[in-house]
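To keep things clear, I will list the structure first and then write my remarks on it.
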Amino acid sequence: MNKRIKLIFLILISTLNFSCFQKKLTKKETNKSELVATSQIDTLKFTSGIRAIFQDSKGNYWFGSHNEGVSIYNGISFEYFTTNDGLSDNQIRSIQEDNNGKIWIGTSKGVNVYDKEKLVTYSSNFNNPKYEWNKTNGDLWFYADEEGGISRFDGKYMNYLIFPIPKNENQNNSYGVTDISTEHNGKVWIATYAALFNYDGKTVTVFDHKTLKLKDNETLHIRSVLADSKGRIWIGNNGIGVLLKEGDSITHFSKEQGKFIPINEFEANTKTQQFAKNTGLQSVFVIEEDSKGNIWFGDRDSGAWKYDGKTLTNYKIDPKLNSQMIWSIYEDQNKNLLFGMAEGCVYKFNGMTFDKQF
């Protein structure tokens with residue numbers, strides 16, 4: 001009897017020890033996943049607009065919102081990160097991946113890198129700006145909280161580079177960065193509200209109102225830029241539409257295509273908030289090129305436009321939406337063309353119409 005009691009006692013002790021070990025292991029694993037504590041649901045819950053779309057090398061989709069942080073979709077569920085999880089700000093302006101598989105998230109108030117389930121913050125050294133761009137290096141460029149400059153990561157530090165702003169320029173003009181596009185040869189095009197800057201690795205060239213050959217009543221308000229595969233530079237404005245730079249030639253693309261609303265009519269519509277009447281290629285917040293060489297424009301009021309080199313075609317994304325405004329256009333690894341909308345949803349172009357994807 002005593003042997004039997006001892007045997008039962010030993011079994012109970014072993015069971016309790018194993019149970020305690022399991023609880024400790026579970027707690028440890030939970031703490032690891034809480035390094036970037038988030039909630040997971042099976043649908044994209046953003047409502048403030050999709051400003052950035054990116055598919056990483058592992059196939060995950062990243063969505064950057066206008067003011068609700070960033071979300072990752074792994075094919076099954078969505079995971080969310082906000083300032084509560086370490087983001088510098090909830091407005092996401094860019095998402096990109098470096099050669100080491102790290103995901104870089106540009107926000108309106110700083111840059112974060114997602115690496116091994118952790119979010120690390122990189123701040124620009126605004127107190128030590130650099131005027132000689134060619135003394136820095138790196139392929140990662142960011143526009144976060146800068147005004148009159150841009151950030152470049154050299155692998156260790158985030159360098160703040162100052163724009164060579166033209167002399168005697170209207171001081172009321174803003175040189176806050178709105179977009180970045182890089183050519184295959186490494187040249188970088190940087191859009192600001194008041195001017196376009198080009199850096200070729202040695203010098204910075206400025207393209208302003210005068211250089212772009214605009215009329216006195218045509219005010220620059222650049223929101224997007226694209227250096228396409230043919231070496232053309234597309235410049236999207238909020239108000240005067242699209243400008244096209246081919247070599248030394250600069251043309252008013254929207255006007256040539258007959259999609260430019262006269263300034264006085266556009267201003268009248270803007271003042272009365274009658275954006276639905278702006279049916280032209282007038283307020284272009286994003287420009288992208290697909291794998292077939294088509295150039296796509298996302299207009300604030302009139303939806304999507306495709307230019308195949310000959311014909312310019314306008315598409316309404318979804319008549320059920322309150323706004324046709326497009327914040328982002330992105331082609332994924334499967335050649336799906338995705339459109340991030342102002343209402344927080346993502347649509348896929350099926351060749352003729354658009355299907356809600358997320």
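If you're wondering about the labels, chains in the structure tokens are A, B, ... by order shown, residues count from 1 in each chain, ligands from 1 in order shown.
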
(message) Need the shell around Asp139 (chain A): protein/DNA/RNA residues with any atom at most 8 Å away, counting only C-alpha atoms. Skip same-chain ones fewer than 4 positions apart. Format as JSON, numbers by chain?
(response) {"A": [152, 153, 154]}

Requested write-out: C-alpha atoms of the selected residues, as an mmCIF file, in the first residue's frame:
```
data_model
loop_
_atom_site.group_PDB
_atom_site.id
_atom_site.type_symbol
_atom_site.label_atom_id
_atom_site.label_comp_id
_atom_site.auth_asym_id
_atom_site.auth_seq_id
_atom_site.Cartn_x
_atom_site.Cartn_y
_atom_site.Cartn_z
ATOM 1 C CA ARG A 152 18.694 59.843 -46.631
ATOM 2 C CA PHE A 153 19.757 56.731 -44.710
ATOM 3 C CA ASP A 154 23.395 55.701 -45.146
#
```

(message) Please return, as a PyMOL selection string, all residues of region 174-296 of chain A that DSSP assigns to strand (DSSP E or B) on the basis of the backbone.
(response) chain A and resi 177-182+188-192+196-199+204-207+222-227+233-238+242-246+249-252+283-289+295-296

With N, CA and C atoms retained, write the just-selected residues as a compact mmCIF listing (two decimals), in the first residue's frame.
```txt
# COMPACT_ATOMS: atom_id res chain seq x y z
N VAL A 177 8.26 68.00 -48.82
CA VAL A 177 8.29 66.93 -49.82
C VAL A 177 6.95 66.20 -49.89
N THR A 178 6.52 65.91 -51.11
CA THR A 178 5.26 65.20 -51.33
C THR A 178 5.44 63.85 -52.00
N ASP A 179 6.57 63.63 -52.71
CA ASP A 179 6.76 62.35 -53.40
C ASP A 179 8.22 62.20 -53.81
N ILE A 180 8.63 60.95 -54.05
CA ILE A 180 10.00 60.64 -54.48
C ILE A 180 9.93 59.57 -55.56
N SER A 181 10.74 59.70 -56.61
CA SER A 181 10.82 58.67 -57.65
C SER A 181 12.27 58.55 -58.10
N THR A 182 12.73 57.30 -58.27
CA THR A 182 14.12 57.05 -58.63
C THR A 182 14.22 56.41 -60.01
N VAL A 188 17.56 60.66 -58.56
CA VAL A 188 16.39 60.78 -57.69
C VAL A 188 15.63 62.06 -58.00
N TRP A 189 14.30 61.93 -58.13
CA TRP A 189 13.44 63.08 -58.35
C TRP A 189 12.59 63.28 -57.10
N ILE A 190 12.64 64.51 -56.58
CA ILE A 190 11.98 64.81 -55.32
C ILE A 190 10.97 65.93 -55.55
N ALA A 191 9.70 65.61 -55.32
CA ALA A 191 8.63 66.59 -55.52
C ALA A 191 8.35 67.33 -54.22
N THR A 192 8.28 68.65 -54.31
CA THR A 192 7.79 69.48 -53.21
C THR A 192 6.65 70.32 -53.76
N LEU A 196 10.37 71.04 -58.13
CA LEU A 196 10.84 69.67 -58.30
C LEU A 196 12.36 69.69 -58.26
N PHE A 197 12.96 68.77 -57.49
CA PHE A 197 14.41 68.70 -57.37
C PHE A 197 14.92 67.38 -57.95
N ASN A 198 16.07 67.45 -58.64
CA ASN A 198 16.70 66.26 -59.19
C ASN A 198 18.13 66.15 -58.68
N TYR A 199 18.46 64.95 -58.17
CA TYR A 199 19.82 64.70 -57.69
C TYR A 199 20.42 63.56 -58.50
N VAL A 204 22.45 68.94 -57.38
CA VAL A 204 21.00 69.05 -57.26
C VAL A 204 20.52 70.14 -58.22
N THR A 205 19.54 69.79 -59.06
CA THR A 205 18.98 70.74 -60.02
C THR A 205 17.54 71.05 -59.63
N VAL A 206 17.17 72.33 -59.75
CA VAL A 206 15.84 72.78 -59.35
C VAL A 206 14.98 73.07 -60.57
N PHE A 207 13.75 72.58 -60.56
CA PHE A 207 12.76 72.89 -61.60
C PHE A 207 11.59 73.58 -60.91
N ILE A 222 2.82 70.70 -56.55
CA ILE A 222 3.15 69.33 -56.95
C ILE A 222 2.79 68.34 -55.84
N ARG A 223 2.09 67.26 -56.23
CA ARG A 223 1.73 66.21 -55.29
C ARG A 223 2.32 64.85 -55.66
N SER A 224 2.83 64.71 -56.89
CA SER A 224 3.36 63.40 -57.30
C SER A 224 4.38 63.56 -58.41
N VAL A 225 5.29 62.57 -58.52
CA VAL A 225 6.27 62.55 -59.59
C VAL A 225 6.60 61.10 -59.92
N LEU A 226 6.84 60.84 -61.22
CA LEU A 226 7.22 59.51 -61.66
C LEU A 226 8.30 59.61 -62.73
N ALA A 227 9.41 58.90 -62.52
CA ALA A 227 10.42 58.70 -63.55
C ALA A 227 10.12 57.35 -64.17
N ILE A 233 9.71 62.14 -67.29
CA ILE A 233 9.39 62.56 -65.95
C ILE A 233 7.98 63.15 -65.95
N TRP A 234 7.09 62.52 -65.19
CA TRP A 234 5.70 62.95 -65.08
C TRP A 234 5.51 63.69 -63.75
N ILE A 235 4.92 64.86 -63.82
CA ILE A 235 4.77 65.72 -62.64
C ILE A 235 3.28 65.98 -62.42
N GLY A 236 2.74 65.48 -61.33
CA GLY A 236 1.32 65.64 -61.04
C GLY A 236 1.07 66.78 -60.07
N ASN A 237 0.16 67.68 -60.45
CA ASN A 237 -0.15 68.85 -59.65
C ASN A 237 -1.59 68.82 -59.13
N ASN A 238 -1.79 69.51 -58.04
CA ASN A 238 -3.14 69.74 -57.52
C ASN A 238 -3.61 71.10 -58.01
N VAL A 242 -1.18 67.52 -65.09
CA VAL A 242 0.09 66.80 -65.31
C VAL A 242 1.00 67.55 -66.27
N LEU A 243 2.26 67.69 -65.87
CA LEU A 243 3.31 68.21 -66.75
C LEU A 243 4.19 67.03 -67.14
N LEU A 244 4.73 67.06 -68.36
CA LEU A 244 5.58 65.98 -68.85
C LEU A 244 6.92 66.54 -69.30
N LYS A 245 8.00 65.99 -68.72
CA LYS A 245 9.35 66.39 -69.10
C LYS A 245 10.01 65.24 -69.87
N GLU A 246 10.36 65.50 -71.14
CA GLU A 246 11.07 64.53 -71.98
C GLU A 246 12.35 65.19 -72.46
N SER A 249 12.52 69.00 -73.21
CA SER A 249 11.19 69.45 -73.59
C SER A 249 10.20 69.29 -72.43
N ILE A 250 9.40 70.32 -72.19
CA ILE A 250 8.39 70.27 -71.14
C ILE A 250 7.04 70.65 -71.74
N THR A 251 6.06 69.79 -71.58
CA THR A 251 4.73 70.05 -72.12
C THR A 251 3.69 69.94 -71.01
N HIS A 252 2.57 70.62 -71.23
CA HIS A 252 1.45 70.54 -70.30
C HIS A 252 0.56 69.39 -70.78
N SER A 283 -6.18 67.23 -60.58
CA SER A 283 -5.60 67.16 -59.23
C SER A 283 -5.01 65.77 -59.03
N VAL A 284 -3.77 65.58 -59.48
CA VAL A 284 -3.16 64.25 -59.56
C VAL A 284 -2.25 64.00 -58.35
N PHE A 285 -2.71 63.11 -57.46
CA PHE A 285 -1.99 62.84 -56.22
C PHE A 285 -1.05 61.63 -56.32
N VAL A 286 -1.18 60.83 -57.38
CA VAL A 286 -0.29 59.68 -57.54
C VAL A 286 -0.14 59.34 -59.02
N ILE A 287 1.07 58.93 -59.40
CA ILE A 287 1.36 58.47 -60.77
C ILE A 287 2.16 57.18 -60.67
N GLU A 288 1.80 56.19 -61.49
CA GLU A 288 2.51 54.91 -61.46
C GLU A 288 2.56 54.31 -62.86
N GLU A 289 3.57 53.49 -63.11
CA GLU A 289 3.71 52.79 -64.38
C GLU A 289 3.52 51.30 -64.15
N ILE A 295 0.93 54.30 -68.22
CA ILE A 295 1.07 55.27 -67.14
C ILE A 295 -0.31 55.50 -66.52
N TRP A 296 -0.39 55.34 -65.20
CA TRP A 296 -1.66 55.51 -64.47
C TRP A 296 -1.60 56.75 -63.60
```

List as JSON lines every residue of region 224-330 of chain A that is in contact with region 41-53 of chain A, defined as an atom at most 9 Å from one of its atoms (using only C-alpha atoms), together with the nearest atom pair and the distance in Å rounded to one decimal, sorted by chain and then rising number.
```
{"residue": "A:Ile326", "atom": "CA", "partner": "A:Ile50", "partner_atom": "CA", "distance": 8.3}
{"residue": "A:Trp327", "atom": "CA", "partner": "A:Arg51", "partner_atom": "CA", "distance": 5.0}
{"residue": "A:Ser328", "atom": "CA", "partner": "A:Arg51", "partner_atom": "CA", "distance": 5.4}
{"residue": "A:Ile329", "atom": "CA", "partner": "A:Ile53", "partner_atom": "CA", "distance": 7.4}
{"residue": "A:Tyr330", "atom": "CA", "partner": "A:Ile53", "partner_atom": "CA", "distance": 6.2}
```

(message) Just the number, please: distance in Å from CA of Glu331 (chain A) to CA of Glu146 (chain A), one decimal.
(response)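 Computing it gives 28.2 Å between the two atoms.
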
(message) Need to verify the contact set: region 66-82 of chain A, 6 Å, only C-alpha atoms, exclusion of same-chain residues closer than 2 positions in sequence. Can you return it as number ranges by chain?
(response) A: 38, 40-42, 48-49, 51, 60-64, 84-85, 87, 90-91

(message) Here is a test: counting only C-alpha atoms, which residue of A:Asn185, A:Ser254, A:Asn125, A:Thr313 is nearest to Gly231 (chain A)?
(response)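 Nearest to Gly231 (chain A): A:Asn185.
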
(request) Once DSSP has gone over the backbone, tell me which residues of region 196-358 of chain A are in alpha helix (DSSP H), as a PyMOL selection string. (result) chain A and resi 253-256+263-271

Keeping N, CA and C atoms for every residue in the selection just given, could you write it to a file as a compact mmCIF listing (two decimals), in the first residue's frame?
```txt
# COMPACT_ATOMS: atom_id res chain seq x y z
N PHE A 253 0.79 68.19 -70.26
CA PHE A 253 0.13 66.98 -70.73
C PHE A 253 -1.39 67.07 -70.61
N SER A 254 -1.90 67.49 -69.48
CA SER A 254 -3.35 67.57 -69.28
C SER A 254 -4.00 68.50 -70.31
N LYS A 255 -3.32 69.61 -70.59
CA LYS A 255 -3.86 70.57 -71.55
C LYS A 255 -3.83 69.99 -72.97
N GLU A 256 -2.73 69.32 -73.33
CA GLU A 256 -2.61 68.72 -74.66
C GLU A 256 -3.66 67.64 -74.89
N ILE A 263 -8.45 77.63 -65.40
CA ILE A 263 -8.17 77.96 -64.01
C ILE A 263 -9.36 78.58 -63.30
N ASN A 264 -10.04 79.54 -63.95
CA ASN A 264 -11.15 80.23 -63.28
C ASN A 264 -12.30 79.28 -62.96
N GLU A 265 -12.57 78.33 -63.85
CA GLU A 265 -13.64 77.36 -63.59
C GLU A 265 -13.24 76.40 -62.48
N PHE A 266 -11.98 75.97 -62.49
CA PHE A 266 -11.51 75.04 -61.47
C PHE A 266 -11.56 75.68 -60.09
N GLU A 267 -11.11 76.94 -60.00
CA GLU A 267 -11.10 77.63 -58.72
C GLU A 267 -12.51 77.81 -58.19
N ALA A 268 -13.47 78.08 -59.09
CA ALA A 268 -14.85 78.24 -58.67
C ALA A 268 -15.39 76.94 -58.10
N ASN A 269 -15.08 75.83 -58.77
CA ASN A 269 -15.53 74.53 -58.28
C ASN A 269 -14.89 74.19 -56.93
N THR A 270 -13.60 74.54 -56.80
CA THR A 270 -12.90 74.24 -55.56
C THR A 270 -13.49 75.02 -54.39
N LYS A 271 -13.77 76.29 -54.63
CA LYS A 271 -14.29 77.13 -53.55
C LYS A 271 -15.66 76.67 -53.07
```

(message) Quick check, in Å to one decimal: how far apart do CA of Asp299 (chain A) and CA of Lys320 (chain A) lie?
(response) 17.1 Å

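Here CA of Arg232 (chain A) and CA of Asp248 (chain A) stand 10.4 Å from one another.
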